[in-house]
file query-v6.csv (CSV, C-alpha atoms)
chain,number,residue,atom,x,y,z
A,1,MET,CA,-54.8,-39.2,-25.8
A,2,GLY,CA,-52.4,-41.9,-24.7
A,3,THR,CA,-51.2,-45.3,-25.7
A,4,SER,CA,-53.4,-46.9,-28.3
A,5,GLY,CA,-53.2,-49.9,-30.5
A,6,SER,CA,-54.9,-53.1,-31.7
A,7,SER,CA,-53.9,-56.5,-30.5
A,8,ASN,CA,-50.5,-57.5,-31.9
A,9,PRO,CA,-50.4,-55.3,-34.9
A,10,ALA,CA,-47.6,-56.1,-37.4
A,11,TRP,CA,-46.3,-52.6,-37.5
A,12,THR,CA,-46.3,-50.0,-34.7
A,13,ALA,CA,-44.9,-46.5,-34.4
A,14,GLY,CA,-44.3,-44.2,-31.4
A,15,VAL,CA,-43.1,-40.9,-30.3
A,16,HIS,CA,-40.7,-40.4,-27.4
A,17,ALA,CA,-41.5,-37.1,-25.7
A,18,PHE,CA,-43.3,-37.6,-22.5
A,19,SER,CA,-42.3,-37.8,-18.9
A,20,GLY,CA,-45.3,-38.1,-16.7
A,21,ARG,CA,-47.5,-39.9,-19.3
A,22,ARG,CA,-46.5,-43.0,-21.2
A,23,ASP,CA,-45.1,-42.3,-24.6
A,24,PRO,CA,-47.8,-43.0,-27.2
A,25,VAL,CA,-47.6,-46.1,-29.5
A,26,TRP,CA,-50.1,-46.8,-32.4
A,27,PRO,CA,-50.5,-49.4,-35.1
A,28,LEU,CA,-49.4,-48.5,-38.6
A,29,THR,CA,-51.5,-49.2,-41.7
A,30,PRO,CA,-49.7,-51.2,-44.4
A,31,ALA,CA,-49.6,-48.1,-46.6
A,32,ALA,CA,-48.0,-46.0,-43.8
A,33,ALA,CA,-45.5,-48.8,-43.2
A,34,ALA,CA,-44.6,-49.0,-46.9
A,35,ARG,CA,-44.0,-45.2,-46.9
A,36,LEU,CA,-41.6,-45.6,-44.0
A,37,VAL,CA,-39.7,-48.5,-45.7
A,38,ALA,CA,-39.5,-46.5,-48.9
A,39,ALA,CA,-38.2,-43.5,-47.0
A,40,TRP,CA,-35.6,-45.6,-45.2
A,41,GLN,CA,-34.4,-47.1,-48.5
A,42,ALA,CA,-34.0,-43.7,-50.0
A,43,LEU,CA,-31.7,-42.5,-47.3
A,44,ALA,CA,-27.9,-42.4,-47.8
A,45,PRO,CA,-25.6,-43.9,-45.2
A,46,LEU,CA,-24.4,-41.5,-42.5
A,47,ASP,CA,-21.3,-39.7,-43.6
A,48,GLY,CA,-19.6,-37.9,-40.8
A,49,SER,CA,-20.6,-37.3,-37.2
A,50,PRO,CA,-24.0,-38.1,-36.0
A,51,PRO,CA,-26.2,-35.2,-34.8
A,52,PRO,CA,-26.2,-34.3,-31.1
A,53,PRO,CA,-28.2,-36.6,-28.9
A,54,PRO,CA,-31.7,-35.6,-27.7
A,55,PRO,CA,-32.1,-33.7,-24.5
A,56,ALA,CA,-33.1,-35.6,-21.3
A,57,LEU,CA,-36.5,-33.9,-21.1
A,58,GLY,CA,-38.9,-33.4,-24.0
A,59,TYR,CA,-38.9,-34.7,-27.5
A,60,ARG,CA,-36.4,-37.5,-27.9
A,61,GLY,CA,-37.4,-38.8,-31.3
A,62,CYS,CA,-39.7,-41.4,-32.8
A,63,SER,CA,-39.6,-45.1,-33.7
A,64,ALA,CA,-41.2,-47.8,-35.8
A,65,ASP,CA,-41.3,-51.5,-35.3
A,66,ASP,CA,-42.1,-54.4,-37.7
A,67,ALA,CA,-43.1,-57.2,-35.4
A,68,ALA,CA,-43.0,-59.7,-38.3
A,69,THR,CA,-39.3,-59.2,-38.9
A,70,GLY,CA,-38.2,-57.8,-35.6
A,71,ARG,CA,-36.8,-54.7,-37.3
A,72,HIS,CA,-36.8,-51.5,-35.2
A,73,TRP,CA,-36.1,-48.0,-36.5
A,74,SER,CA,-35.2,-45.0,-34.4
A,75,ALA,CA,-35.1,-41.4,-35.7
A,76,TYR,CA,-34.0,-38.2,-34.2
A,77,GLY,CA,-32.6,-34.9,-35.5
A,78,GLY,CA,-31.7,-36.1,-39.0
A,79,LEU,CA,-30.4,-39.5,-38.1
A,80,VAL,CA,-32.3,-42.8,-38.6
A,81,THR,CA,-30.9,-46.1,-37.3
A,82,CYS,CA,-32.0,-49.7,-37.9
A,83,ALA,CA,-30.0,-52.4,-36.2
A,84,GLU,CA,-26.3,-51.4,-36.7
A,85,GLU,CA,-27.1,-49.2,-39.8
A,86,ALA,CA,-27.2,-45.5,-39.5
A,87,ARG,CA,-28.5,-43.2,-42.3
A,88,SER,CA,-28.6,-39.5,-42.8
A,89,ASP,CA,-32.0,-37.9,-43.0
A,90,PRO,CA,-31.3,-34.1,-43.2
A,91,ALA,CA,-34.9,-33.3,-44.2
A,92,ARG,CA,-36.1,-35.5,-41.3
A,93,THR,CA,-38.5,-37.2,-43.6
A,94,PHE,CA,-38.7,-40.4,-41.6
A,95,GLU,CA,-39.7,-38.5,-38.4
A,96,ARG,CA,-42.3,-36.5,-40.3
A,97,LEU,CA,-43.8,-39.7,-41.7
A,98,VAL,CA,-44.0,-41.3,-38.3
A,99,ILE,CA,-45.7,-38.3,-36.8
A,100,ALA,CA,-48.1,-37.9,-39.7
A,101,SER,CA,-49.1,-41.5,-39.2
A,102,ALA,CA,-50.4,-40.9,-35.7
A,103,PRO,CA,-54.2,-41.2,-35.2
A,104,ALA,CA,-56.0,-38.0,-34.3
A,105,ASP,CA,-55.6,-36.9,-30.6
A,106,VAL,CA,-52.7,-39.3,-29.9
A,107,LEU,CA,-50.0,-36.6,-30.2
A,108,PRO,CA,-50.2,-33.2,-28.6
A,109,PRO,CA,-51.2,-30.5,-31.1
A,110,ASN,CA,-47.8,-28.8,-30.7
A,111,ILE,CA,-45.8,-31.9,-31.5
A,112,ALA,CA,-44.2,-30.2,-34.6
A,113,GLU,CA,-43.0,-27.4,-32.3
A,114,LEU,CA,-41.8,-29.8,-29.6
A,115,ALA,CA,-39.9,-31.8,-32.3
A,116,ALA,CA,-38.6,-28.6,-33.9
A,117,LEU,CA,-39.8,-29.9,-37.3
B,10,MET,CA,8.4,-29.0,29.5
B,11,ALA,CA,7.2,-31.8,27.2
B,12,LEU,CA,6.0,-32.2,23.7
B,13,ARG,CA,3.9,-35.0,22.3
B,14,ILE,CA,4.5,-35.4,18.6
B,15,THR,CA,2.3,-37.5,16.4
B,16,VAL,CA,3.1,-38.3,12.9
B,17,ASP,CA,-0.3,-38.4,11.2
B,18,VAL,CA,0.2,-41.0,8.5
B,19,PHE,CA,-1.5,-44.3,9.1
B,20,SER,CA,-5.1,-45.4,8.5
B,21,GLY,CA,-5.4,-48.9,10.1
B,22,ARG,CA,-2.4,-48.8,12.5
B,23,PRO,CA,-2.1,-46.3,15.4
B,24,ASN,CA,0.0,-43.3,14.3
B,25,PRO,CA,3.5,-43.2,15.8
B,26,VAL,CA,3.7,-41.0,18.9
B,27,ILE,CA,6.8,-39.8,20.7
B,28,VAL,CA,7.1,-37.7,23.8
B,29,LEU,CA,10.1,-35.4,24.1
B,30,ASP,CA,11.1,-33.4,27.2
B,31,ASP,CA,13.8,-31.0,28.3
B,32,ASP,CA,16.6,-30.4,25.8
B,33,ALA,CA,15.0,-32.5,23.0
B,34,ALA,CA,11.7,-30.6,23.4
B,35,ARG,CA,13.5,-27.3,23.5
B,36,GLU,CA,15.3,-28.1,20.3
B,37,ILE,CA,12.1,-28.9,18.5
B,38,LEU,CA,10.5,-25.7,19.8
B,39,ALA,CA,13.5,-23.6,18.6
B,40,ARG,CA,13.2,-25.1,15.1
B,41,THR,CA,9.4,-24.5,15.3
B,42,GLN,CA,9.5,-20.9,16.2
B,43,PRO,CA,7.2,-19.0,13.8
B,44,ALA,CA,9.1,-17.2,11.1
B,45,ASP,CA,7.5,-15.6,8.0
B,46,ARG,CA,3.7,-15.4,8.0
B,47,LEU,CA,2.1,-17.4,5.2
B,48,LYS,CA,0.7,-15.6,2.2
B,49,ARG,CA,-3.0,-15.3,1.7
B,50,GLY,CA,-3.3,-18.3,-0.7
B,51,GLU,CA,-1.2,-20.5,1.6
B,52,THR,CA,-3.1,-20.3,4.8
B,53,LYS,CA,-5.9,-22.7,3.9
B,54,PRO,CA,-5.5,-25.9,6.0
B,55,PRO,CA,-4.7,-29.0,3.9
B,56,PRO,CA,-7.3,-31.7,3.6
B,57,GLU,CA,-6.9,-34.1,6.5
B,58,SER,CA,-9.1,-36.9,5.3
B,59,ILE,CA,-6.6,-38.4,2.9
B,60,LEU,CA,-4.7,-41.6,2.8
B,61,GLY,CA,-1.0,-41.2,3.5
B,62,TYR,CA,1.0,-38.5,5.2
B,63,ARG,CA,-1.2,-35.7,6.7
B,64,GLY,CA,1.3,-33.8,8.8
B,65,ILE,CA,2.9,-33.8,12.2
B,66,VAL,CA,0.8,-32.8,15.2
B,67,VAL,CA,2.7,-31.2,18.0
B,68,GLU,CA,1.1,-30.8,21.5
B,69,GLN,CA,2.6,-29.0,24.3
B,70,VAL,CA,1.9,-30.9,27.5
B,71,GLU,CA,2.5,-30.5,31.2
B,72,THR,CA,3.5,-26.9,30.7
B,73,ARG,CA,2.4,-23.5,29.5
B,74,PRO,CA,2.6,-23.2,25.7
B,75,ALA,CA,5.7,-21.6,24.4
B,76,GLU,CA,5.3,-18.0,23.3
B,77,GLY,CA,3.9,-17.7,19.8
B,78,LEU,CA,2.7,-21.3,19.5
B,79,PRO,CA,-0.7,-22.7,20.5
B,80,ASP,CA,-0.8,-25.7,22.7
B,81,ARG,CA,-1.6,-27.9,19.7
B,82,PHE,CA,-0.6,-27.3,16.1
B,83,ARG,CA,0.2,-29.1,12.9
B,84,ILE,CA,3.3,-29.0,10.7
B,85,VAL,CA,2.6,-29.9,7.1
B,86,ASP,CA,4.1,-28.9,3.8
B,87,GLY,CA,6.7,-26.8,5.6
B,88,LYS,CA,3.9,-24.7,7.3
B,89,LEU,CA,2.8,-24.3,10.9
B,90,LEU,CA,-1.0,-24.3,11.1
B,91,GLY,CA,-3.0,-23.9,14.3
B,92,SER,CA,-5.0,-21.4,16.3
B,93,LYS,CA,-3.8,-18.0,15.2
B,94,LEU,CA,-0.8,-19.7,13.6
B,95,ALA,CA,-0.1,-19.6,9.9
B,96,HIS,CA,3.6,-19.3,9.5
B,97,ARG,CA,6.7,-20.9,8.1
B,98,PRO,CA,8.8,-22.5,10.9
B,99,ALA,CA,12.3,-21.2,11.7
B,100,ASP,CA,13.6,-24.5,10.3
B,101,PRO,CA,12.1,-25.0,6.8
B,102,GLY,CA,13.3,-28.7,6.9
B,103,LEU,CA,11.5,-29.4,10.2
B,104,GLU,CA,9.5,-32.4,9.0
B,105,ASP,CA,12.6,-33.9,7.5
B,106,PHE,CA,14.4,-33.4,10.7
B,107,ILE,CA,11.7,-35.0,12.9
B,108,CYS,CA,11.3,-38.0,10.6
B,109,GLY,CA,15.0,-38.2,9.5
B,110,SER,CA,17.2,-41.1,10.4
B,111,THR,CA,18.8,-39.2,13.3
B,112,GLY,CA,15.6,-37.3,14.2
B,113,PRO,CA,13.4,-37.9,17.2
B,114,LEU,CA,11.0,-40.2,15.4
B,115,ARG,CA,13.6,-42.9,15.8
B,116,LEU,CA,12.4,-43.1,19.4
B,117,ALA,CA,9.2,-44.7,18.0
B,118,GLN,CA,11.3,-47.7,17.1
B,119,LEU,CA,9.7,-48.1,13.7
B,120,ASP,CA,11.4,-50.5,11.3
B,121,ASP,CA,13.6,-49.1,8.5
B,122,ASP,CA,11.1,-49.7,5.8
B,123,THR,CA,8.4,-47.8,7.6
B,124,MET,CA,10.7,-44.9,8.3
B,125,ALA,CA,11.7,-44.7,4.7
B,126,MET,CA,8.1,-44.9,3.6
B,127,ILE,CA,7.2,-42.0,5.9
B,128,ARG,CA,10.0,-39.9,4.4
B,129,ARG,CA,8.8,-40.7,0.9
B,130,LEU,CA,5.2,-39.8,1.7
B,131,ILE,CA,6.4,-36.4,3.1
B,132,GLU,CA,8.2,-35.7,-0.1
B,133,GLN,CA,5.1,-36.8,-2.2
B,134,ARG,CA,2.8,-34.7,-0.1
B,135,ARG,CA,4.8,-31.6,-1.0
B,136,GLY,CA,4.4,-32.3,-4.7
B,137,LEU,CA,0.7,-33.0,-4.4
B,138,GLU,CA,-0.5,-29.8,-2.8
B,139,LEU,CA,-0.6,-27.6,-5.8
B,140,LYS,CA,-2.5,-30.1,-8.0
B,141,TRP,CA,-5.4,-30.6,-5.6
B,142,PRO,CA,-8.7,-28.9,-6.1
B,143,PRO,CA,-10.1,-27.2,-3.1
B,144,ILE,CA,-12.1,-29.6,-0.9
B,145,LYS,CA,-15.1,-28.4,1.1
B,146,TRP,CA,-14.8,-30.0,4.5
B,147,PRO,CA,-16.7,-31.1,6.3
B,148,THR,CA,-19.2,-32.2,3.7
B,149,ARG,CA,-22.6,-30.8,4.7
B,150,VAL,CA,-25.8,-32.8,4.4
B,151,THR,CA,-28.2,-30.2,3.3
B,152,CYS,CA,-31.3,-32.3,3.2
B,153,ARG,CA,-31.0,-35.1,5.7
B,154,CYS,CA,-34.4,-36.7,5.1
B,155,ALA,CA,-34.1,-36.7,1.3
B,156,PRO,CA,-33.7,-40.0,-0.5
B,157,LEU,CA,-30.3,-41.2,-1.7
B,158,TYR,CA,-29.2,-40.5,-5.2
B,159,GLU,CA,-28.9,-44.0,-6.5
B,160,PRO,CA,-29.5,-43.8,-10.3
B,161,ASP,CA,-28.1,-47.3,-11.0
B,162,TRP,CA,-31.0,-48.8,-9.0
B,163,TRP,CA,-33.5,-47.1,-11.3
B,164,ASN,CA,-31.5,-47.3,-14.5
B,165,ASP,CA,-31.7,-51.1,-14.9
B,166,GLY,CA,-32.7,-50.9,-18.6
B,167,GLY,CA,-35.7,-53.0,-17.8
B,168,GLN,CA,-38.7,-53.3,-15.5
B,169,LYS,CA,-37.8,-50.6,-13.1
B,170,GLN,CA,-36.6,-48.0,-15.6
B,171,PHE,CA,-39.4,-48.5,-18.2
B,172,ASN,CA,-42.4,-48.8,-15.9
B,173,ASN,CA,-41.6,-46.0,-13.4
B,174,ASN,CA,-41.8,-42.4,-14.4
B,175,CYS,CA,-40.9,-39.0,-13.1
B,176,TYR,CA,-43.7,-39.2,-10.5
B,177,ASN,CA,-42.4,-42.5,-9.2
B,178,TYR,CA,-38.9,-41.3,-9.0
B,179,SER,CA,-39.6,-38.0,-7.4
B,180,THR,CA,-41.7,-39.6,-4.7
B,181,ASN,CA,-39.1,-42.4,-4.4
B,182,HIS,CA,-42.0,-44.9,-4.8
B,183,ARG,CA,-41.7,-47.7,-7.2
B,184,THR,CA,-45.0,-49.0,-8.5
B,185,ASP,CA,-44.1,-50.4,-12.0
B,186,THR,CA,-47.3,-48.8,-13.3
B,187,PHE,CA,-46.0,-45.4,-14.6
B,188,ALA,CA,-47.9,-43.8,-11.7
B,189,GLN,CA,-50.3,-41.0,-12.5
B,190,PRO,CA,-51.2,-38.2,-10.1
B,191,GLY,CA,-54.6,-38.9,-8.6
B,192,ARG,CA,-55.1,-42.3,-10.0
B,193,ALA,CA,-54.8,-44.0,-6.6
B,194,SER,CA,-57.6,-41.8,-5.3
B,195,GLY,CA,-59.8,-42.7,-8.2
B,196,GLN,CA,-59.6,-39.2,-9.8
B,197,MET,CA,-56.7,-38.5,-12.1
B,198,TYR,CA,-55.8,-35.0,-13.3
B,199,PRO,CA,-58.0,-33.6,-16.1
B,200,HIS,CA,-57.1,-32.7,-19.6
B,201,PRO,CA,-55.8,-30.4,-21.0
B,202,ILE,CA,-52.9,-30.8,-18.6
B,203,ALA,CA,-52.2,-27.8,-16.4
B,204,CYS,CA,-50.8,-27.0,-13.0
B,205,SER,CA,-54.4,-26.4,-11.8
B,206,GLY,CA,-55.3,-30.0,-12.5
B,207,VAL,CA,-52.1,-31.9,-11.6
B,208,ARG,CA,-51.4,-30.2,-8.3
B,209,PRO,CA,-54.8,-31.2,-6.7
B,210,ALA,CA,-54.4,-34.7,-8.1
B,211,ALA,CA,-51.1,-35.0,-6.3
B,212,ILE,CA,-52.6,-33.7,-3.1
B,213,ARG,CA,-55.2,-36.4,-3.4
B,214,ASP,CA,-52.3,-38.9,-3.4
B,215,ASP,CA,-51.3,-37.2,-0.1
B,216,LEU,CA,-48.4,-35.1,-1.3
B,217,ILE,CA,-48.3,-31.8,0.7
B,218,ASP,CA,-48.5,-28.6,-1.3
B,219,SER,CA,-45.5,-26.4,-0.2
B,220,PRO,CA,-45.6,-23.4,-2.5
B,221,ARG,CA,-43.6,-21.3,0.0
B,222,ALA,CA,-40.8,-23.9,0.3
B,223,ASP,CA,-38.6,-21.7,-1.9
B,224,ASN,CA,-36.2,-24.5,-2.6
B,225,ARG,CA,-35.6,-25.3,1.1
B,226,CYS,CA,-35.8,-28.8,2.5
B,227,PRO,CA,-38.6,-29.6,4.9
B,228,ASP,CA,-37.7,-30.8,8.4
B,229,GLU,CA,-39.4,-34.1,7.6
B,230,GLY,CA,-39.9,-35.8,4.3
B,231,HIS,CA,-38.4,-34.5,1.1
B,232,LEU,CA,-39.1,-31.8,-1.4
B,233,VAL,CA,-40.3,-32.4,-5.0
B,234,ALA,CA,-41.2,-29.9,-7.7
B,235,LEU,CA,-44.0,-30.1,-10.3
B,236,VAL,CA,-43.7,-28.5,-13.7
B,237,VAL,CA,-46.0,-28.7,-16.7
B,238,GLY,CA,-45.8,-28.5,-20.5
B,239,PRO,CA,-49.2,-26.8,-20.9
B,240,GLY,CA,-51.7,-29.1,-22.6
B,241,TRP,CA,-49.5,-32.1,-23.1
B,242,ASP,CA,-47.5,-33.4,-20.1
B,243,TYR,CA,-46.2,-32.8,-16.6
B,244,HIS,CA,-42.9,-33.5,-15.0
B,245,TRP,CA,-41.5,-33.9,-11.5
B,246,TYR,CA,-38.1,-33.3,-9.9
B,247,ARG,CA,-36.8,-34.3,-6.4
B,248,LYS,CA,-34.3,-32.6,-4.1
B,249,GLY,CA,-31.5,-34.8,-2.9
B,250,ARG,CA,-29.4,-34.8,0.3
B,251,ASN,CA,-26.8,-32.5,-1.2
B,252,GLY,CA,-29.5,-29.9,-2.0
B,253,ARG,CA,-29.2,-30.6,-5.8
B,254,TRP,CA,-32.2,-31.8,-7.8
B,255,THR,CA,-32.5,-35.0,-9.9
B,256,HIS,CA,-35.2,-36.4,-12.2
B,257,LYS,CA,-36.3,-39.2,-14.4
B,258,PRO,CA,-37.8,-38.2,-17.7
B,259,GLY,CA,-40.5,-40.8,-18.4
B,260,GLY,CA,-39.1,-44.3,-19.0
B,261,THR,CA,-35.6,-43.0,-19.6
B,262,ALA,CA,-32.7,-43.0,-17.1
B,263,VAL,CA,-32.4,-41.0,-13.9
B,264,THR,CA,-30.2,-38.0,-14.3
B,265,ASN,CA,-28.9,-35.0,-12.3
B,266,LEU,CA,-28.6,-32.8,-15.3
B,267,ASP,CA,-31.0,-30.4,-17.0
B,268,ASN,CA,-31.5,-30.0,-20.7
B,269,SER,CA,-28.4,-27.8,-21.0
B,270,GLY,CA,-26.3,-30.4,-19.2
B,271,ASN,CA,-26.0,-28.4,-16.0
B,272,VAL,CA,-26.5,-29.7,-12.5
B,273,ILE,CA,-29.9,-28.6,-11.1
B,274,THR,CA,-29.7,-26.2,-8.1
B,275,ASP,CA,-33.2,-24.9,-8.5
B,276,PRO,CA,-35.9,-26.4,-10.8
B,277,ARG,CA,-37.4,-23.0,-11.3
B,278,THR,CA,-34.3,-21.8,-13.2
B,279,ALA,CA,-33.2,-25.1,-14.8
B,280,ASP,CA,-33.4,-25.7,-18.5
B,281,ARG,CA,-36.7,-27.6,-18.7
B,282,GLY,CA,-37.3,-27.7,-22.4
B,283,ALA,CA,-41.0,-27.4,-23.2
B,284,TYR,CA,-42.1,-27.9,-19.6
B,285,THR,CA,-42.4,-24.1,-19.3
B,286,ASP,CA,-44.8,-23.8,-16.3
B,287,PHE,CA,-43.3,-24.1,-12.8
B,288,CYS,CA,-46.3,-25.1,-10.7
B,289,THR,CA,-45.2,-25.6,-7.1
B,290,PHE,CA,-43.0,-27.3,-4.6
B,291,MET,CA,-44.5,-30.2,-2.7
B,292,THR,CA,-43.4,-32.3,0.3
B,293,VAL,CA,-43.4,-36.1,0.3
B,294,MET,CA,-43.8,-37.7,3.7
B,295,HIS,CA,-42.3,-41.1,3.5
B,296,GLY,CA,-44.9,-43.8,3.8
B,297,HIS,CA,-47.8,-41.4,3.7
B,298,ILE,CA,-48.4,-41.2,0.0
B,299,ARG,CA,-50.5,-43.5,-2.3
B,300,LEU,CA,-49.5,-44.0,-5.9
B,301,LYS,CA,-50.9,-46.1,-8.7

call {"tool": "encode", "arguments": {"input": "query-v6.csv", "output": "structure tokens"}}
result
Amino acid sequence: MGTSGSSNPAWTAGVHAFSGRRDPVWPLTPAAAARLVAAWQALAPLDGSPPPPPPALGYRGCSADDAATGRHWSAYGGLVTCAEEARSDPARTFERLVIASAPADVLPPNIAELAAL
Amino acid sequence: MALRITVDVFSGRPNPVIVLDDDAAREILARTQPADRLKRGETKPPPESILGYRGIVVEQVETRPAEGLPDRFRIVDGKLLGSKLAHRPADPGLEDFICGSTGPLRLAQLDDDTMAMIRRLIEQRRGLELKWPPIKWPTRVTCRCAPLYEPDWWNDGGQKQFNNNCYNYSTNHRTDTFAQPGRASGQMYPHPIACSGVRPAAIRDDLIDSPRADNRCPDEGHLVALVVGPGWDYHWYRKGRNGRWTHKPGGTAVTNLDNSGNVITDPRTADRGAYTDFCTFMTVMHGHIRLK
């Protein structure tokens, strides 16, 4: 388990949950990246207050990066942001897709519990 | 009979001091005679380490102290405070009298502006008292060998913050490598992560296991605490000079709060999220450890 990845992949994803160990980052397949983009496009703009921020210790959300365009998404607790844009994701689809895209053994087996998904 | 009276008001300049004898001293003592005893909530001495007017210190010199008054006492906010003294003075306007335009402070030959300023400060001081929170004084350094809490140094949003983790922060040892217990010794902790693996790995880095520390600072070095999220991660806290604990969750910012937003007095009882296993306290001897 740990940080993994190929050299300069176009798309990467990661989970932010660790303290002692580095947070894992892994390359995304084009299909997984396309699913994330589709999920993002299906989300409605945030209406109302954002959810509470993550705690200091433990699961703090996940992220995806497109190196080709420089776009970076962050997702936590039903909120997904990209640059200045914030969208509501009450079903936490984006987070679920990022976590599902992780190769075997990169994330702890209890990640769903840690992320309260 | 003589009285030395110091108006405790300045910071940079010497406080004005006057010495009164004979009739002048007797008049002050008459006005100072203890009258009503202060009520329970009024007897606490006011904070002395403040800028501005802090009271009038009266010392009885070259004679035996007058009855009912210690040889040194303070008049502030219309109270007499000293050894076995917590009373209102016979003259409730005593401070105004001493510092008034015809009072004995004129002997200090202060200029008019300074005299007026002292009178204003006395008035302001009266209004301030009720608004002030209680101040513990003197401040006690609980853990004199512990590192300073200087989160801004670590929270640079760059190299230091992202490449130093809880282990670096707790040991106060920057490596920029996201240090791992045991890696410097050539044998890291095993998986799955558990107290039984991380604790010996830290000992190999020359941290000293202190399971009986019971949240008390060591005489030398500083105290850290190891906790584990079984099977997936570990985390460290460090005890600071004020006895409170701080930590750095991974590459995020240093904080003195737990997951419930409370200051951390004991990592065993703090809200640690999924780091459910408290492993042990350990001691870091500065300069002795190896981290990589």

call {"tool": "residues_near_point", "arguments": {"input": "query-v6.csv", "point": "(13.3, -39.6, 10.0)", "cutoff": "12 Å", "atoms": "all atoms listed in the file", "output": "PyMOL selection string"}}
result
chain B and resi 16+25+102-132

call {"tool": "write_last_selection", "arguments": {"input": "query-v6.csv", "atoms": "C-alpha atoms", "output": "compact mmCIF listing (two decimals), in the frame of the given file"}}
result
# COMPACT_ATOMS: atom_id res chain seq x y z
CA VAL B 16 3.10 -38.30 12.90
CA PRO B 25 3.50 -43.20 15.80
CA GLY B 102 13.30 -28.70 6.90
CA LEU B 103 11.50 -29.40 10.20
CA GLU B 104 9.50 -32.40 9.00
CA ASP B 105 12.60 -33.90 7.50
CA PHE B 106 14.40 -33.40 10.70
CA ILE B 107 11.70 -35.00 12.90
CA CYS B 108 11.30 -38.00 10.60
CA GLY B 109 15.00 -38.20 9.50
CA SER B 110 17.20 -41.10 10.40
CA THR B 111 18.80 -39.20 13.30
CA GLY B 112 15.60 -37.30 14.20
CA PRO B 113 13.40 -37.90 17.20
CA LEU B 114 11.00 -40.20 15.40
CA ARG B 115 13.60 -42.90 15.80
CA LEU B 116 12.40 -43.10 19.40
CA ALA B 117 9.20 -44.70 18.00
CA GLN B 118 11.30 -47.70 17.10
CA LEU B 119 9.70 -48.10 13.70
CA ASP B 120 11.40 -50.50 11.30
CA ASP B 121 13.60 -49.10 8.50
CA ASP B 122 11.10 -49.70 5.80
CA THR B 123 8.40 -47.80 7.60
CA MET B 124 10.70 -44.90 8.30
CA ALA B 125 11.70 -44.70 4.70
CA MET B 126 8.10 -44.90 3.60
CA ILE B 127 7.20 -42.00 5.90
CA ARG B 128 10.00 -39.90 4.40
CA ARG B 129 8.80 -40.70 0.90
CA LEU B 130 5.20 -39.80 1.70
CA ILE B 131 6.40 -36.40 3.10
CA GLU B 132 8.20 -35.70 -0.10

call {"tool": "residues_around", "arguments": {"input": "query-v6.csv", "residues": "Ala33 in chain A", "least_positions_apart": "2", "cutoff": "12 Å", "atoms": "only C-alpha atoms", "output": "PyMOL selection string"}}
result
chain A and resi 9-13+26-31+35-40+63-67+73+94+97-98+100-102

call {"tool": "closest_residue", "arguments": {"input": "query-v6.csv", "among": "B:Gly252, B:Gly61, B:Pro199, B:Gly296", "to": "His182 in chain B", "atoms": "only C-alpha atoms"}}
result
B:Gly296

call {"tool": "interface_residues", "arguments": {"input": "query-v6.csv", "of": "chain B", "to": "chain A", "cutoff": "9 Å", "atoms": "all atoms listed in the file", "output": "ChimeraX atom specification"}}
result
/B:172,174-176,187-190,240-245,257-262,264,266-270,281-284

call {"tool": "residues_around", "arguments": {"input": "query-v6.csv", "residues": "Ala33 in chain B", "least_positions_apart": "4", "cutoff": "9 Å", "atoms": "only C-alpha atoms", "output": "ChimeraX atom specification"}}
result
/B:11,29,37-38,113

call {"tool": "write_last_selection", "arguments": {"input": "query-v6.csv", "atoms": "C-alpha atoms", "output": "PDB file, in the frame of the given file"}}
result
ATOM      1  CA  ALA B  11       7.200 -31.800  27.200  1.00  0.00           C
ATOM      2  CA  LEU B  29      10.100 -35.400  24.100  1.00  0.00           C
ATOM      3  CA  ILE B  37      12.100 -28.900  18.500  1.00  0.00           C
ATOM      4  CA  LEU B  38      10.500 -25.700  19.800  1.00  0.00           C
ATOM      5  CA  PRO B 113      13.400 -37.900  17.200  1.00  0.00           C
TER       6      PRO B 113
END

call {"tool": "residues_around", "arguments": {"input": "query-v6.csv", "residues": "Trp162 in chain B", "least_positions_apart": "6", "cutoff": "12 Å", "atoms": "all atoms listed in the file", "output": "PDB file with C-alpha atoms, keeping the file's coordinate frame"}}
result
ATOM      1  CA  GLN B 168     -38.700 -53.300 -15.500  1.00  0.00           C
ATOM      2  CA  LYS B 169     -37.800 -50.600 -13.100  1.00  0.00           C
ATOM      3  CA  GLN B 170     -36.600 -48.000 -15.600  1.00  0.00           C
ATOM      4  CA  ASN B 173     -41.600 -46.000 -13.400  1.00  0.00           C
ATOM      5  CA  TYR B 178     -38.900 -41.300  -9.000  1.00  0.00           C
ATOM      6  CA  ASN B 181     -39.100 -42.400  -4.400  1.00  0.00           C
ATOM      7  CA  ARG B 183     -41.700 -47.700  -7.200  1.00  0.00           C
ATOM      8  CA  ALA B 262     -32.700 -43.000 -17.100  1.00  0.00           C
ATOM      9  CA  VAL B 263     -32.400 -41.000 -13.900  1.00  0.00           C
TER      10      VAL B 263
END

call {"tool": "atom_distance", "arguments": {"input": "query-v6.csv", "atom1": "CA of Thr186 in chain B", "atom2": "CA of Phe171 in chain B"}}
result
9.3 Å

call {"tool": "residues_near_point", "arguments": {"input": "query-v6.csv", "point": "(-37.4, -35.4, 4.0)", "cutoff": "9 Å", "atoms": "all atoms listed in the file", "output": "list in words"}}
result
Cys152, Arg153, Cys154, Ala155, Pro156, Cys226, Pro227, Asp228, Glu229, Gly230, His231, Leu232, Arg250, Thr292, Val293, Met294 and His295 of chain B

call {"tool": "closest_residue", "arguments": {"input": "query-v6.csv", "among": "B:Leu157, B:Met197, B:Thr52, B:Ala210", "to": "Trp254 in chain B", "atoms": "all atoms listed in the file"}}
result
B:Leu157

call {"tool": "atom_distance", "arguments": {"input": "query-v6.csv", "atom1": "CA of Asn24 in chain B", "atom2": "CA of Glu71 in chain B"}}
result
21.3 Å
